[in-house]
Structure formats: C-alpha cells, structure tokens
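Working notes, beginning with the structure itself.
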Amino acid sequence: MTESIADLHELEKLSPRITEEDSKPCSEEKRPQKCRIILEPALVGAMIAINLGQTSLQNFYLQTACMVDLNYTWDVCHKGVGEEFRAAEAASQIVVSHVNVSRSFIGCLLSTIVLLFIGPWSDCSGRRKPLLVMPLIGMCVMTTGVILMITFPGASTVQVLYMVQIPISLGGNFGLLLAAAFSHVGDICHTTGRDVTRTMGTHRAAIQIAHVIGAISGPLIYRHLGYYGVFPLVLLIQVSSLLYVIFAMKDVNINPDNDVWVFNWRLPLNAVQCLLKKRDGSKRKIILLMLVVALGDRVLLSAEVLLAFMYYRYKFHWDDVLFGFFLAYRNIVSFCEKLVCKMSCYEEIYQCFGRSRGCYTYSHFFYCRGQQQADGPLDGKHVLGALESATQTLSSPLYSLLYSKTVSTLPDAWLLPGITLAVIQTLSYLISKQLSIRNSINKNNSQKSIQELVSLEKNNVSLVNDSKEKINSNNHVLSEKV
C-alpha cells in the first residue's frame, strides 16, 4: 500500500514545472529566436523518405510474391498486360494481403504497447528527443533491411513484409514522430514566446509539401533508376533527418523530478482513466463521440495505405507514376481543406478537455497540444495515439482479409466498410455538435442565473442598509425628543 501511494505521488510530480517566470511574456532576449528553424528539416526529410519509397515498396512486395512465392517468370510478372499477367497480379495481391493479415496485427500491437508507455512518459517528463530518435532509427533499419533483401534476392513475401514492419513498429511508427515533433514545437513556443498558430502552420505546410514531393518523385526515380535509385536515397534522407535531431535539437522543458520508469504500468492506466472520467455536462459523451470520428479517420487511412495501390493497379491498370500523381493531387486538396476548415472537429475535443491536469490526448490534435503548451501548465497524457494503433490492430487485418477474399471477383468490396464507417462518423459528429450547443446554452443560462442571484443579493444588501439607516435616524429623532 505504501509503495502504491509512493508511485502515485511520483506520478503527480511528473509534469514539467512551469514557474511564474516562464509564464511571463517573452523577454527581449528570446525574441530573436522567433524565426529560428525548429524541426522542419527533420519532418520534411522523414516525410519525403516515406512517400519516396511508398510505391517502390508496394512494387517490391508484389514482385516478391509473384517471382518467389508463386514462381512466375520475370516476363510474366512485369508484362503489364494480358490475361496471364492479370492472373499473376491477382494471385500476387492475394499472397500479399494474406501476409498483411498477420503482419498488420503484430505491427500495430507492438506500436500500441510502445505508445502506451513511451508517450505518457515523454509528456510527463518533458523529454521529446527520445521519441523523435526512435521512429527515425526504425525507419533507417527498415530501409537498410530492404536494400539488403534487394541485393541478396530470394526472401519470401513473409520475410520481406516483416522486415519492413517490425523495425518501424518498435520505433512507434511515423505517428509517434509527429506527436513528439509537435509537442516539442509547443514547448519551444511556450519558452520563446513564438506565435503558436504560425509555427504549427509552418510545420504542417512543410509536411504537406514533402508529401507532394515524395509522391511525385518516388515513382519517377523508380522508373529510371529502379530500386537502387530509390532506397539508397531514402536511407540517405532518413539518416540526415536522424543526425539533425541528434545534434540540432534540444529539449527545453525537461522535468528534473521525473523518477518514474518508462514502463511503469500506472502511466497508461492513468491516461485511460483520465480520458473516461466524468466531466461537467455532456463533455465526456462529446469526447467519446469525437473519438469515434478520429479513430474512424485512422481506420480509413490505414486501409488506404494497405490496399489503395494494389486496388488501383488491378482495377484501373494504373502504374506507380500515375498513382504518385494521384497521391500528390489528394495531398494538395487536403492541404487546402485544412486551411479552410481548421480541423473544427478536433477543436471540439480540445474544448472538452480544457486545461485539466493529466487529461490530454494527442495525435490529430497537434495544434491544440501546442496551444496548451504555450498557454499554460499541462500534464498531457498520450492516449489517442495508442487508441488509434489499437484500433488498427483490429481493422487492418480485417481489411486485408476482406481484400484477399474478394480481389479476384469483387475488388471494390473493401470500399463498403469505409462507406458504413463514414456514415457512423457523420452521425457521431452531428450528435456531438448538438450536445455541444446544448452545453453552451446551459452554461449561458447558469451564468445568467448567477448574475441574477448576485444582483438580487446586492439589492437585498442595499435594502437592508437603507432600513438600518432609517432605523438609526428614527432612533436619533426619538432620543432628541426624549
């Protein structure tokens, strides 16, 4: 019992201390740092590397399944037209999808475990650098493994897919890199007084531009230089991003009282309890409904990453160059939508969480996370990223299984669950919007009631004072008459 109380006491001290001096506006010494580059090079490099090798990796998966697992010849696997190629392509996609069932489950499970512990620990201790280094190391190991398998061919589809998945999952996936990066940006903004909206917007714009550059250039490089033109370049960019983080980045909000081990089981437990705790009005319902929206987005995104290239390649006979331009077009449209919409649904969750200690989640809410870091004390808990990874642990294998069963007969079948999920997301958002409006109305009514009570109390006090003055004056008159 004493040990448990001690652990809880340690957890209470985990949040980075913010003193009155830190909460003051930035001084003249801090202002020159407002235009300093923070993490743009590392994020741009990592995002370009991922998109640069995305279609080449998919080609490598299908080529391995066709030539190694199914024993087709090079001419058949790379013909691109004809019934023989169509049969080989369908069989190859079935093999890759079957392996993806187990691969995605194990990979997402590992990521969930990592995020459940390392995320809350970082948010409590203020250390962001380890969370930036881990995914980049995983990416470098993954790309090195791919280059080795290309250099020494013969590995099966299972070996190739697991060689790609395990290192990146142990590193927490790219989502951990983004979460840590924007948390660090929030720390910088709070410390130096930089404008949070502008700084976050700069990083978001850099990421979107990197999306477009990688999606377009990757297939073109593969078309002219092959695998040895793509993956060594990807590895070079990833190593450069890693070196930048190691030597150029420094944590600015470290908590010296952090003595709790990173694998303390109370960290994820406290995060989940804080997410589900009872709040005023309908705020907990709104949070859970908006979680349905956010997790639904993650499910659809993971399914698209797994299956979109194979689907467009088989259904519409797209090559990797056309698919790359399609990805670039979508990212440009998505960036324009974010500029207009400002991700209003995620701002709803931010408003529901407020600034209560120990009750914050991350992932899609990077902007809100940074805003809280800049506005005042916070003991955020990384729980949404783990929830997203846990959701993908179930959804990704099911999507892969569905696609492997229907690719030869009905390749569009994997789109049907997405349509159903989109309807559920829309209903969840509309219900949460109604609850939010009701909460605001109740809040306004309660404020009006409080104001009326205060004014009534003031009137009563003034009446009492007037009556006292009258009584005193009457007593004075009576005493004079006596």
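Identifiers in this document derive from the order of the structure tokens: chains are assigned A, B, ..., residues are numbered from 1 separately in each chain, and ligands are numbered from 1 in order of occurrence.
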Practice problem: Identify, on the basis of only C-alpha atoms, every residue whose closest approach to stretch 163-170 of chain A does not exceed 12 Å; exclude the query and any residue fewer than 4 positions from it along the same chain; express the result as a ChimeraX atom specification. | Solution: /A:50,53-54,57-58,60-61,99-100,102-115,118,131,133-149,155-159,174-177,389,393
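Compared by their closest atoms to A:Asp280, and using only C-alpha atoms, the residues A:Thr73, A:Asn253, A:Asn442, A:Ser183 rank with A:Asn442 nearest.
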TODO: Show which residues sit within 9 Å of A:Ile424, as a list of chain:residue names. Count only C-alpha atoms, and ignore same-chain residues fewer than 6 positions away.
DONE: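 The contact residues come out as A:Val292, A:Val293, A:Gly296.
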Those same residues, written as an mmCIF file, in the first residue's frame with all heavy atoms?
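And here's out04.cif as it stands now:
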```cif
data_model
loop_
_atom_site.group_PDB
_atom_site.id
_atom_site.type_symbol
_atom_site.label_atom_id
_atom_site.label_comp_id
_atom_site.auth_asym_id
_atom_site.auth_seq_id
_atom_site.Cartn_x
_atom_site.Cartn_y
_atom_site.Cartn_z
ATOM 1 N N VAL A 292 -14.752 8.588 -31.905
ATOM 2 C CA VAL A 292 -15.248 7.748 -32.999
ATOM 3 C C VAL A 292 -14.876 8.375 -34.349
ATOM 4 O O VAL A 292 -14.444 7.676 -35.284
ATOM 5 C CB VAL A 292 -16.776 7.568 -32.895
ATOM 6 C CG1 VAL A 292 -17.327 6.862 -34.124
ATOM 7 C CG2 VAL A 292 -17.129 6.794 -31.635
ATOM 8 N N VAL A 293 -15.000 9.695 -34.440
ATOM 9 C CA VAL A 293 -14.643 10.389 -35.676
ATOM 10 C C VAL A 293 -13.146 10.247 -35.954
ATOM 11 O O VAL A 293 -12.725 9.899 -37.064
ATOM 12 C CB VAL A 293 -15.046 11.875 -35.598
ATOM 13 C CG1 VAL A 293 -14.644 12.607 -36.866
ATOM 14 C CG2 VAL A 293 -16.547 12.008 -35.370
ATOM 15 N N GLY A 296 -12.124 6.636 -36.643
ATOM 16 C CA GLY A 296 -12.616 6.250 -37.966
ATOM 17 C C GLY A 296 -11.716 6.761 -39.076
ATOM 18 O O GLY A 296 -11.445 6.047 -40.055
#
```
Would you mind writing down, as an MDAnalysis selection string, each residue of stretch 129-316 of chain A that DSSP on the backbone assigns to helix (DSSP H, G or I)?
chainID A and resid 129:151 157:170 173:192 196:225 227:248 266:276 283:315
Students should find that atom CA of A:Tyr244 and atom CA of A:Arg127 are spaced 16.7 Å
inquiry  = With only C-alpha atoms as the counted atoms, please give the residues lying no more than 9 Å from A:His98, apart from itself and same-chain residues fewer than 5 positions off, as a list in words.
reply    = Gln93, Arg103, Pro397, Ser400, Leu401, Tyr403 and Ser404 of chain A
Who sits within 12 Å of A:Ala308, only C-alpha atoms, same chain under 4 positions skipped, as a PyMOL selection string:
chain A and resi 54-55+58+93+97+300-304+312-316+318+320+323-324+326-327+399-400+403+411-412+414-415
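The coordinates place atom CA of A:Leu384 at 10.0 Å from atom CA of A:Gly119.
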